[in-house]
Amino acid sequence: MEDDVQEQTLEQFKDKRLGGWGILQLTAGTGLAVYAMWAGVLMPGFRRVPLKLQVPYMPASKKQVGNVMSLLKGRSGGFADLGSGDGRIVLEASRQGFSPAVGYELNPWLLRLSRFYAWKAGLYGRVSYRREDLWKVDLSGYRNISIFLAPSVLTLLQEKLLVELPEDALIIAGRFPFPDWTPCRIEGQGVDRAWAYSIEAIRKQNQSKDIQSSEKSS
Ligand SMILES: C[S@@+](CC[C@H](N)C(=O)[O-])C[C@H]1O[C@@H](n2cnc3c(N)ncnc32)[C@H](O)[C@@H]1O
């Protein structure tokens with residue numbers, strides 16, 4: 001009896017055709033599901049960040065983390081990862097002796113995960129993960145910065161770093177280099193490559209570019 005009812009119901013569906021209204025509903029439903037996934041899981045906490053500045057999560061590989069650390073070798077002081085994901089780079093920086101070692105991240109799921117990993121590694125009190133928009137953080141206290149972001153935001157980030165960082169700061173960029181800066185060192189190959197930039201050298205390069213262009217125009 002129950003089987004008959006199920007068969008009849010299936011038959012009804014078989015005969016149904018998706019009309020314009022059905023397609024519209026299906027499209028809206030799919031769009032809503034994708035948006036819910038984006039807003040709720042991948043990018044929660046990003047409502048106030050302009051769309052063009054939103055960078056989704058993609059964790060650094062072991063090799064990438066290793067390359068960041070070898071570019072930082074011999075250095076000390078404060079370290080910040082801008083957009084710290086699950087906190088792996090901050091954790092490694094703390095292991096290498098950087099203090100304070102701080103990660104800035106907007107996604108609350110990733111912040112929870114970061115704190116869990118720090119606790120698991122016995123480093124809970126030595127690292128800190130802050131739910132702050134990296135564009136609004138005052139970076140003037142950091143000598144060491146790492147970023148694994150998208151090319152679309154790097155031009156704007158160059159300006160912020162140039163204005164705020166102390167003269168002896170070193171910035172490590174992973175996956176994509178800064179578009180207008182010359183690195184002082186490069187480590188690794190292909191997608192694992194990381195670029196180091198001395199803020200002092202970049203400021204000097206910019207000054208000499210300014211002098212050259214003012215000489216040309218006069
Ligand atoms: C490509 S992932 C890199 C994660 C981590 N640095 C790593 O390499 O494993 C970029 C991270 O930046 C975070 N993010 C993007 N825009 C941000 C913002 N304005 N403020 C704070 N975090 C941001 C994202 O949530 C994401 O976790």
# chains A, B, ... in the order shown; residues from 1 in each chain; ligands from 1
>>> residues_near_ligand(ligand="ligand 1", cutoff="6 Å", atoms="only C-alpha atoms and all ligand atoms", output="list in words")
Gln54, Val55, Pro56, Tyr57, Met58, Pro59, Ala60, Gly83, Ser84, Gly85, Arg88, Tyr104, Glu105, Leu106, Asn107, Glu132, Asp133, Leu134, Trp135, Phe148 and Leu149 of chain A
>>> residues_around(residues="Arg75 (chain A)", least_positions_apart="5", cutoff="12 Å", atoms="only C-alpha atoms", output="MDAnalysis selection string")
chainID A and resid 68:70 93 96:99 142:145 168:171
>>> select_by_dssp(residues="region 6-195 of chain A", states="helix (DSSP H, G or I)", output="count of residues only")
88
>>> residues_around(residues="Ser146 (chain A)", least_positions_apart="4", cutoff="6 Å", atoms="only C-alpha atoms", output="PyMOL selection string")
chain A and resi 81+171-173
>>> write_last_selection(atoms="C-alpha atoms", output="mmCIF file, in the first residue's frame")
data_model
loop_
_atom_site.group_PDB
_atom_site.id
_atom_site.type_symbol
_atom_site.label_atom_id
_atom_site.label_comp_id
_atom_site.auth_asym_id
_atom_site.auth_seq_id
_atom_site.Cartn_x
_atom_site.Cartn_y
_atom_site.Cartn_z
ATOM 1 C CA ASP A 81 50.033 37.767 9.995
ATOM 2 C CA ILE A 171 57.324 42.144 5.055
ATOM 3 C CA ILE A 172 56.938 38.635 3.670
ATOM 4 C CA ALA A 173 54.404 38.121 0.888
#
>>> select_by_dssp(residues="region 108-155 of chain A", states="strand (DSSP E or B)", output="JSON, numbers by chain")
{"A": [127, 128, 129, 130, 144, 145, 146, 147]}
>>> write_last_selection(atoms="C-alpha atoms", output="compact mmCIF listing (two decimals), in the first residue's frame")
# COMPACT_ATOMS: atom_id res chain seq x y z
CA VAL A 127 50.08 33.85 20.58
CA SER A 128 47.06 36.04 20.11
CA TYR A 129 44.36 35.96 17.46
CA ARG A 130 42.29 39.10 17.10
CA ASN A 144 57.76 41.53 10.97
CA ILE A 145 54.67 41.10 8.83
CA SER A 146 53.43 38.25 6.68
CA ILE A 147 50.60 38.33 4.19
>>> atom_distance(atom1="CA of Phe176 (chain A)", atom2="CA of Val90 (chain A)")
19.2 Å
>>> atom_distance(atom1="CA of Thr155 (chain A)", atom2="CA of Gly77 (chain A)")
26.0 Å
>>> residues_around(residues="region 198-214 of chain A", least_positions_apart="2", cutoff="9 Å", atoms="only C-alpha atoms", output="number ranges by chain")
A: 161-162, 165-171, 181-184, 196, 216-218
>>> atom_distance(atom1="CA of Lys160 (chain A)", atom2="CA of Ser140 (chain A)")
10.2 Å
>>> closest_residue(among="A:Ala121, A:Gln25, A:Ser94, A:Arg47", to="Leu72 (chain A)", atoms="only C-alpha atoms")
A:Ser94
>>> closest_residue(among="A:Val191, A:Asp86, A:Gly141, A:Val163", to="Phe116 (chain A)", atoms="only C-alpha atoms")
A:Asp86
>>> residues_around(residues="Leu71 (chain A)", least_positions_apart="5", cutoff="9 Å", atoms="only C-alpha atoms", output="list in words")
Gly66, Ile172, Arg185, Ile186, Glu187, Ala194, Trp195 and Ala196 of chain A
